[in-house]
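Printed here is protein03.pdb (PDB, C-alpha atoms and all ligand atoms):
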```pdb
ATOM      1  CA  MET G   1       0.000   0.000   0.000  1.00  0.00           C
ATOM      2  CA  ASP G   2       1.250   3.477  -0.875  1.00  0.00           C
ATOM      3  CA  ARG G   3       1.095   5.131   2.520  1.00  0.00           C
ATOM      4  CA  LYS G   4       2.295   8.434   1.137  1.00  0.00           C
ATOM      5  CA  ASP G   5      -0.249   9.126  -1.585  1.00  0.00           C
ATOM      6  CA  LYS G   6      -1.644  12.636  -1.897  1.00  0.00           C
ATOM      7  CA  TYR G   7      -4.711  11.974   0.288  1.00  0.00           C
ATOM      8  CA  TYR G   8      -2.555  10.512   3.061  1.00  0.00           C
ATOM      9  CA  ILE G   9      -0.274  13.555   3.022  1.00  0.00           C
ATOM     10  CA  LYS G  10      -3.290  15.901   2.839  1.00  0.00           C
ATOM     11  CA  ALA G  11      -4.916  14.114   5.812  1.00  0.00           C
ATOM     12  CA  LYS G  12      -1.769  14.552   7.912  1.00  0.00           C
ATOM     13  CA  ARG G  13      -1.409  18.195   6.928  1.00  0.00           C
ATOM     14  CA  GLU G  14      -5.060  18.949   7.647  1.00  0.00           C
ATOM     15  CA  LYS G  15      -4.949  16.963  10.904  1.00  0.00           C
ATOM     16  CA  TYR G  16      -7.536  14.350  10.009  1.00  0.00           C
ATOM     17  CA  ARG G  17      -6.838  10.946  11.457  1.00  0.00           C
ATOM     18  CA  SER G  18      -7.174   9.109   8.134  1.00  0.00           C
ATOM     19  CA  ARG G  19      -7.110   9.654   4.376  1.00  0.00           C
ATOM     20  CA  ALA G  20     -10.565   7.999   4.438  1.00  0.00           C
ATOM     21  CA  ALA G  21     -11.868  11.320   5.769  1.00  0.00           C
ATOM     22  CA  PHE G  22     -11.705  12.749   2.234  1.00  0.00           C
ATOM     23  CA  LYS G  23     -13.987  10.024   0.885  1.00  0.00           C
ATOM     24  CA  LEU G  24     -16.720  11.070   3.293  1.00  0.00           C
ATOM     25  CA  ILE G  25     -16.218  14.766   2.513  1.00  0.00           C
ATOM     26  CA  GLU G  26     -16.560  14.027  -1.214  1.00  0.00           C
ATOM     27  CA  ILE G  27     -19.702  11.892  -0.759  1.00  0.00           C
ATOM     28  CA  GLU G  28     -21.272  14.383   1.648  1.00  0.00           C
ATOM     29  CA  GLU G  29     -20.608  17.343  -0.659  1.00  0.00           C
ATOM     30  CA  LYS G  30     -22.265  15.525  -3.549  1.00  0.00           C
ATOM     31  CA  TYR G  31     -25.171  13.749  -1.819  1.00  0.00           C
ATOM     32  CA  ASN G  32     -25.761  15.564   1.512  1.00  0.00           C
ATOM     33  CA  ILE G  33     -26.450  12.750   3.931  1.00  0.00           C
ATOM     34  CA  ILE G  34     -25.762  14.487   7.280  1.00  0.00           C
ATOM     35  CA  ASN G  35     -27.356  17.705   8.552  1.00  0.00           C
ATOM     36  CA  LYS G  36     -26.735  19.979  11.523  1.00  0.00           C
ATOM     37  CA  ASN G  37     -29.331  18.468  13.889  1.00  0.00           C
ATOM     38  CA  ASP G  38     -28.802  14.836  12.925  1.00  0.00           C
ATOM     39  CA  TYR G  39     -27.987  11.985  15.257  1.00  0.00           C
ATOM     40  CA  VAL G  40     -25.421   9.817  13.475  1.00  0.00           C
ATOM     41  CA  LEU G  41     -24.465   6.201  14.146  1.00  0.00           C
ATOM     42  CA  GLU G  42     -21.111   5.144  12.722  1.00  0.00           C
ATOM     43  CA  PHE G  43     -19.647   1.640  12.264  1.00  0.00           C
ATOM     44  CA  GLY G  44     -15.966   0.940  11.604  1.00  0.00           C
ATOM     45  CA  ALA G  45     -14.960   4.266  13.135  1.00  0.00           C
ATOM     46  CA  SER G  46     -11.349   3.826  14.261  1.00  0.00           C
ATOM     47  CA  PRO G  47      -8.955   5.678  14.051  1.00  0.00           C
ATOM     48  CA  GLY G  48     -11.634   8.395  13.677  1.00  0.00           C
ATOM     49  CA  GLY G  49     -11.135  10.311  10.415  1.00  0.00           C
ATOM     50  CA  TRP G  50     -14.799   9.919   9.450  1.00  0.00           C
ATOM     51  CA  THR G  51     -15.831  10.752  13.018  1.00  0.00           C
ATOM     52  CA  GLN G  52     -13.955  14.067  12.802  1.00  0.00           C
ATOM     53  CA  ILE G  53     -15.807  14.893   9.584  1.00  0.00           C
ATOM     54  CA  ILE G  54     -19.213  13.827  10.955  1.00  0.00           C
ATOM     55  CA  LYS G  55     -18.571  16.183  13.889  1.00  0.00           C
ATOM     56  CA  GLU G  56     -18.101  19.020  11.401  1.00  0.00           C
ATOM     57  CA  TYR G  57     -21.520  18.343   9.833  1.00  0.00           C
ATOM     58  CA  THR G  58     -23.664  17.805  12.931  1.00  0.00           C
ATOM     59  CA  ASP G  59     -23.945  19.502  16.327  1.00  0.00           C
ATOM     60  CA  MET G  60     -25.543  16.430  17.946  1.00  0.00           C
ATOM     61  CA  PRO G  61     -23.705  13.641  19.803  1.00  0.00           C
ATOM     62  CA  VAL G  62     -22.307  10.922  17.507  1.00  0.00           C
ATOM     63  CA  VAL G  63     -22.328   7.217  18.403  1.00  0.00           C
ATOM     64  CA  SER G  64     -19.299   5.417  16.936  1.00  0.00           C
ATOM     65  CA  VAL G  65     -18.538   1.677  16.960  1.00  0.00           C
ATOM     66  CA  ASP G  66     -15.329  -0.214  16.208  1.00  0.00           C
ATOM     67  CA  LEU G  67     -13.561  -3.432  17.146  1.00  0.00           C
ATOM     68  CA  SER G  68     -10.453  -1.369  17.893  1.00  0.00           C
ATOM     69  CA  LYS G  69     -10.103   1.373  20.472  1.00  0.00           C
ATOM     70  CA  MET G  70     -10.204   4.993  19.402  1.00  0.00           C
ATOM     71  CA  VAL G  71      -8.655   8.126  20.927  1.00  0.00           C
ATOM     72  CA  PRO G  72     -11.679  10.043  22.338  1.00  0.00           C
ATOM     73  CA  ILE G  73     -13.322  12.887  20.415  1.00  0.00           C
ATOM     74  CA  ASP G  74     -15.520  15.498  22.110  1.00  0.00           C
ATOM     75  CA  ASN G  75     -19.247  14.720  22.036  1.00  0.00           C
ATOM     76  CA  VAL G  76     -18.629  11.244  20.541  1.00  0.00           C
ATOM     77  CA  ILE G  77     -19.880   8.187  22.427  1.00  0.00           C
ATOM     78  CA  PHE G  78     -17.597   5.315  21.503  1.00  0.00           C
ATOM     79  CA  ILE G  79     -18.591   1.654  21.768  1.00  0.00           C
ATOM     80  CA  GLN G  80     -15.847  -0.923  21.394  1.00  0.00           C
ATOM     81  CA  GLY G  81     -17.835  -3.737  19.805  1.00  0.00           C
ATOM     82  CA  ASN G  82     -18.198  -6.202  16.961  1.00  0.00           C
ATOM     83  CA  ILE G  83     -20.753  -5.730  14.171  1.00  0.00           C
ATOM     84  CA  ASN G  84     -20.984  -9.518  13.872  1.00  0.00           C
ATOM     85  CA  ASP G  85     -21.860  -9.950  17.546  1.00  0.00           C
ATOM     86  CA  VAL G  86     -25.597  -9.873  18.367  1.00  0.00           C
ATOM     87  CA  SER G  87     -24.936  -8.266  21.779  1.00  0.00           C
ATOM     88  CA  LEU G  88     -23.948  -5.007  20.013  1.00  0.00           C
ATOM     89  CA  HIS G  89     -27.620  -4.176  19.411  1.00  0.00           C
ATOM     90  CA  GLY G  90     -28.264  -4.098  23.186  1.00  0.00           C
ATOM     91  CA  LYS G  91     -25.232  -1.869  23.792  1.00  0.00           C
ATOM     92  CA  ILE G  92     -26.401   0.635  21.163  1.00  0.00           C
ATOM     93  CA  ASN G  93     -29.903   0.639  22.649  1.00  0.00           C
ATOM     94  CA  GLU G  94     -28.503   1.369  26.118  1.00  0.00           C
ATOM     95  CA  ILE G  95     -26.482   4.313  24.777  1.00  0.00           C
ATOM     96  CA  MET G  96     -29.535   5.632  22.914  1.00  0.00           C
ATOM     97  CA  ALA G  97     -31.700   5.439  26.035  1.00  0.00           C
ATOM     98  CA  SER G  98     -29.147   7.107  28.305  1.00  0.00           C
ATOM     99  CA  ASN G  99     -28.572   9.936  25.803  1.00  0.00           C
ATOM    100  CA  ASN G 100     -32.216  10.421  24.925  1.00  0.00           C
ATOM    101  CA  ILE G 101     -31.678   9.435  21.275  1.00  0.00           C
ATOM    102  CA  LYS G 102     -34.944   8.132  19.824  1.00  0.00           C
ATOM    103  CA  LEU G 103     -33.646   7.216  16.362  1.00  0.00           C
ATOM    104  CA  PHE G 104     -30.671   8.073  14.165  1.00  0.00           C
ATOM    105  CA  ASN G 105     -31.034  10.318  11.110  1.00  0.00           C
ATOM    106  CA  ALA G 106     -27.975   8.897   9.370  1.00  0.00           C
ATOM    107  CA  ILE G 107     -26.034   5.652   9.701  1.00  0.00           C
ATOM    108  CA  VAL G 108     -22.635   5.205   8.054  1.00  0.00           C
ATOM    109  CA  SER G 109     -20.280   2.250   7.864  1.00  0.00           C
ATOM    110  CA  ASP G 110     -16.671   2.275   6.696  1.00  0.00           C
ATOM    111  CA  ALA G 111     -16.094  -1.102   8.385  1.00  0.00           C
ATOM    112  CA  MET G 112     -13.788  -3.565   6.670  1.00  0.00           C
ATOM    113  CA  VAL G 113     -11.444  -6.350   7.707  1.00  0.00           C
ATOM    114  CA  LYS G 114      -7.839  -6.141   6.499  1.00  0.00           C
ATOM    115  CA  THR G 115      -7.911  -6.820   2.760  1.00  0.00           C
ATOM    116  CA  SER G 116      -6.089  -9.903   1.447  1.00  0.00           C
ATOM    117  CA  ASP G 117      -4.980 -10.982  -2.012  1.00  0.00           C
ATOM    118  CA  ASN G 118      -8.194 -13.023  -2.244  1.00  0.00           C
ATOM    119  CA  GLY G 119     -10.740 -10.658  -3.835  1.00  0.00           C
ATOM    120  CA  GLU G 120     -13.660 -13.069  -3.425  1.00  0.00           C
ATOM    121  CA  ARG G 121     -12.988 -13.510   0.264  1.00  0.00           C
ATOM    122  CA  ASP G 122     -12.687  -9.740   0.779  1.00  0.00           C
ATOM    123  CA  HIS G 123     -15.964  -9.243  -1.081  1.00  0.00           C
ATOM    124  CA  TYR G 124     -17.772 -11.886   0.953  1.00  0.00           C
ATOM    125  CA  GLN G 125     -16.528 -10.556   4.298  1.00  0.00           C
ATOM    126  CA  SER G 126     -17.443  -7.021   3.353  1.00  0.00           C
ATOM    127  CA  TYR G 127     -20.882  -8.121   2.090  1.00  0.00           C
ATOM    128  CA  GLN G 128     -21.431  -9.924   5.409  1.00  0.00           C
ATOM    129  CA  LEU G 129     -20.468  -6.797   7.396  1.00  0.00           C
ATOM    130  CA  CYS G 130     -22.919  -4.724   5.310  1.00  0.00           C
ATOM    131  CA  GLU G 131     -25.681  -7.286   5.848  1.00  0.00           C
ATOM    132  CA  ASN G 132     -25.070  -7.292   9.594  1.00  0.00           C
ATOM    133  CA  VAL G 133     -24.993  -3.480   9.756  1.00  0.00           C
ATOM    134  CA  MET G 134     -28.364  -3.378   7.953  1.00  0.00           C
ATOM    135  CA  GLU G 135     -29.954  -6.090  10.104  1.00  0.00           C
ATOM    136  CA  LEU G 136     -28.595  -4.507  13.262  1.00  0.00           C
ATOM    137  CA  SER G 137     -29.495  -0.910  12.565  1.00  0.00           C
ATOM    138  CA  ILE G 138     -32.218  -0.443   9.934  1.00  0.00           C
ATOM    139  CA  ASP G 139     -34.834  -0.204  12.694  1.00  0.00           C
ATOM    140  CA  LEU G 140     -32.747   2.455  14.435  1.00  0.00           C
ATOM    141  CA  LEU G 141     -32.904   4.729  11.367  1.00  0.00           C
ATOM    142  CA  SER G 142     -35.628   7.386  11.258  1.00  0.00           C
ATOM    143  CA  LYS G 143     -38.104   7.871   8.425  1.00  0.00           C
ATOM    144  CA  ASN G 144     -36.306   9.818   5.640  1.00  0.00           C
ATOM    145  CA  GLY G 145     -32.994   8.766   7.196  1.00  0.00           C
ATOM    146  CA  ASN G 146     -29.891   8.045   5.114  1.00  0.00           C
ATOM    147  CA  MET G 147     -27.480   5.129   5.120  1.00  0.00           C
ATOM    148  CA  LEU G 148     -23.980   4.877   3.614  1.00  0.00           C
ATOM    149  CA  LEU G 149     -21.997   1.625   3.539  1.00  0.00           C
ATOM    150  CA  LYS G 150     -18.605   0.630   2.219  1.00  0.00           C
ATOM    151  CA  GLN G 151     -18.559  -2.613   0.297  1.00  0.00           C
ATOM    152  CA  PHE G 152     -15.945  -4.456  -1.741  1.00  0.00           C
ATOM    153  CA  GLN G 153     -17.868  -5.036  -4.934  1.00  0.00           C
ATOM    154  CA  GLY G 154     -18.531  -8.583  -6.136  1.00  0.00           C
ATOM    155  CA  ASP G 155     -21.117 -11.265  -6.995  1.00  0.00           C
ATOM    156  CA  MET G 156     -23.349 -10.555  -3.977  1.00  0.00           C
ATOM    157  CA  THR G 157     -23.504  -6.766  -4.421  1.00  0.00           C
ATOM    158  CA  ASP G 158     -26.608  -6.884  -6.661  1.00  0.00           C
ATOM    159  CA  GLU G 159     -28.334  -9.248  -4.268  1.00  0.00           C
ATOM    160  CA  PHE G 160     -27.550  -6.847  -1.419  1.00  0.00           C
ATOM    161  CA  LEU G 161     -28.945  -3.855  -3.341  1.00  0.00           C
ATOM    162  CA  ASN G 162     -32.059  -5.742  -4.396  1.00  0.00           C
ATOM    163  CA  LYS G 163     -32.726  -6.826  -0.839  1.00  0.00           C
ATOM    164  CA  TRP G 164     -32.529  -3.340   0.714  1.00  0.00           C
ATOM    165  CA  LYS G 165     -33.286  -0.717  -1.949  1.00  0.00           C
ATOM    166  CA  SER G 166     -37.086  -1.002  -1.617  1.00  0.00           C
ATOM    167  CA  LYS G 167     -36.830   0.338   1.941  1.00  0.00           C
ATOM    168  CA  PHE G 168     -35.513   3.683   0.614  1.00  0.00           C
ATOM    169  CA  GLY G 169     -36.620   6.324  -1.866  1.00  0.00           C
ATOM    170  CA  PHE G 170     -33.238   6.503  -3.605  1.00  0.00           C
ATOM    171  CA  TYR G 171     -30.072   4.473  -3.902  1.00  0.00           C
ATOM    172  CA  LYS G 172     -26.746   4.886  -5.643  1.00  0.00           C
ATOM    173  CA  ILE G 173     -23.344   3.243  -5.882  1.00  0.00           C
ATOM    174  CA  THR G 174     -20.542   5.767  -5.683  1.00  0.00           C
ATOM    175  CA  LYS G 175     -16.759   5.592  -5.841  1.00  0.00           C
ATOM    176  CA  PRO G 176     -15.042   8.701  -4.487  1.00  0.00           C
ATOM    177  CA  HIS G 177     -11.838   9.957  -6.126  1.00  0.00           C
ATOM    178  CA  ALA G 178     -10.079   9.467  -2.795  1.00  0.00           C
ATOM    179  CA  SER G 179     -10.634   5.670  -3.127  1.00  0.00           C
ATOM    180  CA  ARG G 180      -7.660   3.961  -4.716  1.00  0.00           C
ATOM    181  CA  PRO G 181      -8.497   3.630  -8.436  1.00  0.00           C
ATOM    182  CA  HIS G 182      -7.856  -0.126  -8.726  1.00  0.00           C
ATOM    183  CA  SER G 183      -9.626  -1.036  -5.483  1.00  0.00           C
ATOM    184  CA  LYS G 184     -12.990  -2.864  -5.594  1.00  0.00           C
ATOM    185  CA  GLU G 185     -14.145  -0.525  -2.849  1.00  0.00           C
ATOM    186  CA  ILE G 186     -17.485   1.169  -3.467  1.00  0.00           C
ATOM    187  CA  TYR G 187     -19.874   3.116  -1.268  1.00  0.00           C
ATOM    188  CA  ILE G 188     -23.556   2.224  -1.328  1.00  0.00           C
ATOM    189  CA  LEU G 189     -25.836   5.132  -0.525  1.00  0.00           C
ATOM    190  CA  PHE G 190     -29.468   4.666   0.463  1.00  0.00           C
ATOM    191  CA  LYS G 191     -31.440   7.874   0.965  1.00  0.00           C
ATOM    192  CA  ASN G 192     -34.872   8.741   2.339  1.00  0.00           C
ATOM    193  CA  LYS G 193     -35.903   5.671   4.304  1.00  0.00           C
ATOM    194  CA  ARG G 194     -39.557   4.928   3.674  1.00  0.00           C
TER     195      ARG G 194
HETATM  196  C1  LIG A 201     -11.022   1.475   6.925  1.00  0.00           C
HETATM  197  S1  LIG A 201     -11.064   1.386   8.667  1.00  0.00           S
HETATM  198  C2  LIG A 201     -12.106   2.728   9.077  1.00  0.00           C
HETATM  199  C3  LIG A 201     -11.457   4.061   8.966  1.00  0.00           C
HETATM  200  C4  LIG A 201     -12.319   5.185   9.526  1.00  0.00           C
HETATM  201  N1  LIG A 201     -13.529   5.384   8.754  1.00  0.00           N
HETATM  202  C5  LIG A 201     -11.556   6.494   9.565  1.00  0.00           C
HETATM  203  O1  LIG A 201     -11.846   7.375   8.750  1.00  0.00           O
HETATM  204  O2  LIG A 201     -10.682   6.631  10.427  1.00  0.00           O
HETATM  205  C6  LIG A 201     -12.096  -0.004   8.931  1.00  0.00           C
HETATM  206  C7  LIG A 201     -12.445  -0.243  10.380  1.00  0.00           C
HETATM  207  O3  LIG A 201     -13.435  -1.289  10.426  1.00  0.00           O
HETATM  208  C8  LIG A 201     -13.272  -1.929  11.667  1.00  0.00           C
HETATM  209  N2  LIG A 201     -13.965  -3.228  11.672  1.00  0.00           N
HETATM  210  C9  LIG A 201     -13.685  -4.308  10.905  1.00  0.00           C
HETATM  211  N3  LIG A 201     -14.499  -5.322  11.225  1.00  0.00           N
HETATM  212  C10 LIG A 201     -15.311  -4.878  12.214  1.00  0.00           C
HETATM  213  C11 LIG A 201     -16.345  -5.490  12.983  1.00  0.00           C
HETATM  214  N4  LIG A 201     -16.695  -6.768  12.789  1.00  0.00           N
HETATM  215  N5  LIG A 201     -16.956  -4.752  13.930  1.00  0.00           N
HETATM  216  C12 LIG A 201     -16.581  -3.459  14.156  1.00  0.00           C
HETATM  217  N6  LIG A 201     -15.601  -2.833  13.465  1.00  0.00           N
HETATM  218  C13 LIG A 201     -14.973  -3.534  12.515  1.00  0.00           C
HETATM  219  C14 LIG A 201     -11.758  -2.068  11.792  1.00  0.00           C
HETATM  220  O4  LIG A 201     -11.393  -2.274  13.139  1.00  0.00           O
HETATM  221  C15 LIG A 201     -11.270  -0.727  11.229  1.00  0.00           C
HETATM  222  O5  LIG A 201     -11.009   0.187  12.256  1.00  0.00           O
END
```

What is this structure when it is put down as structure tokens?
Ligand SMILES: C[S@@+](CC[C@H](N)C(=O)[O-])C[C@H]1O[C@@H](n2cnc3c(N)ncnc32)[C@H](O)[C@@H]1O
Amino acid sequence: MDRKDKYYIKAKREKYRSRAAFKLIEIEEKYNIINKNDYVLEFGASPGGWTQIIKEYTDMPVVSVDLSKMVPIDNVIFIQGNINDVSLHGKINEIMASNNIKLFNAIVSDAMVKTSDNGERDHYQSYQLCENVMELSIDLLSKNGNMLLKQFQGDMTDEFLNKWKSKFGFYKITKPHASRPHSKEIYILFKNKR
């Protein structure tokens, strides 16, 4: 991996924790998924580049989940937890209740295991993470809410879209310029939950 590409250097210079931050900025500027008064739930948050950006778009507390620890950010409630573990749902519900969050207005996931040289395996694991994020959190998303998920594109991507798109008014696959050009990484955007 080229650790010193232009987005990596830009992220360091602009003090974001990851080059991934620029992907979210690009998607947000084009599709507007997060607004000032929105409660946002984030999966795959660490080290926190996306979280920093989300904080710039909303004034409300953000709930962020990752397997790995994260250096705290003001007004961010961090849950160290596993998307594939059913107990995560209970932990999120507890945090919502104690912070008086009824539902989230936007849910984003940049979660991904370390990629390998096996594209099919990467695709399947990423598809599974997306499925689990949807199953775990679709009922926590408000009417008209938006959802953004990273997926490594492959055979199951169409099946995934076909399963979930009817729950939203709009959907789109997008690939930000900040994604590495040869990567199978895409972002699936669902807007306006029915
Ligand atoms: C590409 S990084 C996210 C970068 C982050 N968006 C940022 O801007 O700093 C992917 C993250 O997904 C997390 N992840 C992978 N599998 C997960 C799982 N099963 N549950 C929770 N987090 C997971 C990893 O720990 C990793 O921190």

Q: Mind checking which residues fall within 12 Å of Lys114 (chain G), counting only C-alpha atoms, ignoring those fewer than 3 positions away in the same chain, and posting them as number ranges by chain?
A: G: 1, 44, 111, 117-119, 121-123, 125-126, 152

How big is the axis-aligned box around all listed atoms of ligand LIG 201 (chain A) once 6 Å goes on each side, and where's its centre, in Å to one decimal, as JSON?
```
{"center_x": -13.8, "center_y": 0.3, "center_z": 10.5, "size_x": 18.3, "size_y": 26.1, "size_z": 19.2}
```

Q: Point out the residue among G:Glu135, G:Asp59, G:Glu28, G:Glu94 with the least atom-to-atom distance to Asp74 (chain G), counting all atoms listed in the file.
A: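 Closest residue, counting all atoms listed in the file: G:Asp59.
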
(Q) On this structure, the PyMOL selection byres (((not hetatm)) within 6 of (chain A and resi 201)) would catch which residues? List them as an MDAnalysis selection string, sorted by chain and number. (A) chainID G and resid 17:18 20:21 44:50 66:68 81:84 110:113

Q. Could you write out as a ChimeraX atom specification the residues that the PyMOL selection byres (((chain G and resi 192) around 8) and not hetatm) matches in the shown file?
A. /G:143-146,168-170,190-191,193-194

Output C-alpha atoms of each residue in that selection to a file, as a compact mmCIF listing (two decimals), in the frame of the given file.
```
# COMPACT_ATOMS: atom_id res chain seq x y z
CA LYS G 143 -38.10 7.87 8.43
CA ASN G 144 -36.31 9.82 5.64
CA GLY G 145 -32.99 8.77 7.20
CA ASN G 146 -29.89 8.04 5.11
CA PHE G 168 -35.51 3.68 0.61
CA GLY G 169 -36.62 6.32 -1.87
CA PHE G 170 -33.24 6.50 -3.60
CA PHE G 190 -29.47 4.67 0.46
CA LYS G 191 -31.44 7.87 0.96
CA LYS G 193 -35.90 5.67 4.30
CA ARG G 194 -39.56 4.93 3.67
```

Q. CA of Met156 (chain G) and CA of Val65 (chain G), how far apart in Å?
A. 24.7 Å

Since the input is missing atoms for region 142-155 of chain G, could you rebuild it with N, CA, C and O atoms and give the result as a PDB file, keeping the file's coordinate frame?
```pdb
ATOM      1  N   SER G 142     -34.337   6.686  11.321  1.00  0.00           N
ATOM      2  CA  SER G 142     -35.628   7.386  11.258  1.00  0.00           C
ATOM      3  C   SER G 142     -36.195   7.378   9.839  1.00  0.00           C
ATOM      4  O   SER G 142     -35.463   7.147   8.867  1.00  0.00           O
ATOM      5  N   LYS G 143     -37.478   7.674   9.737  1.00  0.00           N
ATOM      6  CA  LYS G 143     -38.104   7.871   8.425  1.00  0.00           C
ATOM      7  C   LYS G 143     -37.354   9.021   7.727  1.00  0.00           C
ATOM      8  O   LYS G 143     -36.965   9.992   8.379  1.00  0.00           O
ATOM      9  N   ASN G 144     -37.096   8.859   6.446  1.00  0.00           N
ATOM     10  CA  ASN G 144     -36.306   9.818   5.640  1.00  0.00           C
ATOM     11  C   ASN G 144     -34.815   9.798   5.959  1.00  0.00           C
ATOM     12  O   ASN G 144     -34.058  10.631   5.467  1.00  0.00           O
ATOM     13  N   GLY G 145     -34.409   8.872   6.828  1.00  0.00           N
ATOM     14  CA  GLY G 145     -32.994   8.766   7.196  1.00  0.00           C
ATOM     15  C   GLY G 145     -32.146   8.210   6.055  1.00  0.00           C
ATOM     16  O   GLY G 145     -32.659   7.597   5.106  1.00  0.00           O
ATOM     17  N   ASN G 146     -30.844   8.443   6.160  1.00  0.00           N
ATOM     18  CA  ASN G 146     -29.891   8.045   5.114  1.00  0.00           C
ATOM     19  C   ASN G 146     -28.891   7.026   5.644  1.00  0.00           C
ATOM     20  O   ASN G 146     -28.547   7.045   6.824  1.00  0.00           O
ATOM     21  N   MET G 147     -28.419   6.185   4.729  1.00  0.00           N
ATOM     22  CA  MET G 147     -27.480   5.129   5.120  1.00  0.00           C
ATOM     23  C   MET G 147     -26.368   5.057   4.078  1.00  0.00           C
ATOM     24  O   MET G 147     -26.638   5.078   2.873  1.00  0.00           O
ATOM     25  N   LEU G 148     -25.128   4.962   4.527  1.00  0.00           N
ATOM     26  CA  LEU G 148     -23.980   4.877   3.614  1.00  0.00           C
ATOM     27  C   LEU G 148     -23.095   3.723   4.068  1.00  0.00           C
ATOM     28  O   LEU G 148     -22.712   3.662   5.246  1.00  0.00           O
ATOM     29  N   LEU G 149     -22.797   2.798   3.157  1.00  0.00           N
ATOM     30  CA  LEU G 149     -21.997   1.625   3.539  1.00  0.00           C
ATOM     31  C   LEU G 149     -20.874   1.371   2.548  1.00  0.00           C
ATOM     32  O   LEU G 149     -21.110   1.374   1.330  1.00  0.00           O
ATOM     33  N   LYS G 150     -19.697   1.074   3.093  1.00  0.00           N
ATOM     34  CA  LYS G 150     -18.605   0.630   2.219  1.00  0.00           C
ATOM     35  C   LYS G 150     -18.795  -0.849   1.904  1.00  0.00           C
ATOM     36  O   LYS G 150     -19.159  -1.640   2.772  1.00  0.00           O
ATOM     37  N   GLN G 151     -18.556  -1.187   0.651  1.00  0.00           N
ATOM     38  CA  GLN G 151     -18.559  -2.613   0.297  1.00  0.00           C
ATOM     39  C   GLN G 151     -17.474  -2.882  -0.743  1.00  0.00           C
ATOM     40  O   GLN G 151     -17.211  -2.020  -1.598  1.00  0.00           O
ATOM     41  N   PHE G 152     -16.844  -4.028  -0.672  1.00  0.00           N
ATOM     42  CA  PHE G 152     -15.945  -4.456  -1.741  1.00  0.00           C
ATOM     43  C   PHE G 152     -16.815  -5.185  -2.756  1.00  0.00           C
ATOM     44  O   PHE G 152     -17.394  -6.214  -2.458  1.00  0.00           O
ATOM     45  N   GLN G 153     -16.899  -4.599  -3.942  1.00  0.00           N
ATOM     46  CA  GLN G 153     -17.868  -5.036  -4.934  1.00  0.00           C
ATOM     47  C   GLN G 153     -17.594  -6.467  -5.401  1.00  0.00           C
ATOM     48  O   GLN G 153     -16.444  -6.865  -5.527  1.00  0.00           O
ATOM     49  N   GLY G 154     -18.678  -7.210  -5.659  1.00  0.00           N
ATOM     50  CA  GLY G 154     -18.531  -8.583  -6.136  1.00  0.00           C
ATOM     51  C   GLY G 154     -19.883  -9.194  -6.446  1.00  0.00           C
ATOM     52  O   GLY G 154     -20.884  -8.477  -6.571  1.00  0.00           O
ATOM     53  N   ASP G 155     -19.915 -10.532  -6.567  1.00  0.00           N
ATOM     54  CA  ASP G 155     -21.117 -11.265  -6.995  1.00  0.00           C
ATOM     55  C   ASP G 155     -22.365 -10.946  -6.172  1.00  0.00           C
ATOM     56  O   ASP G 155     -23.470 -10.973  -6.685  1.00  0.00           O
TER      57      ASP G 155
END
```
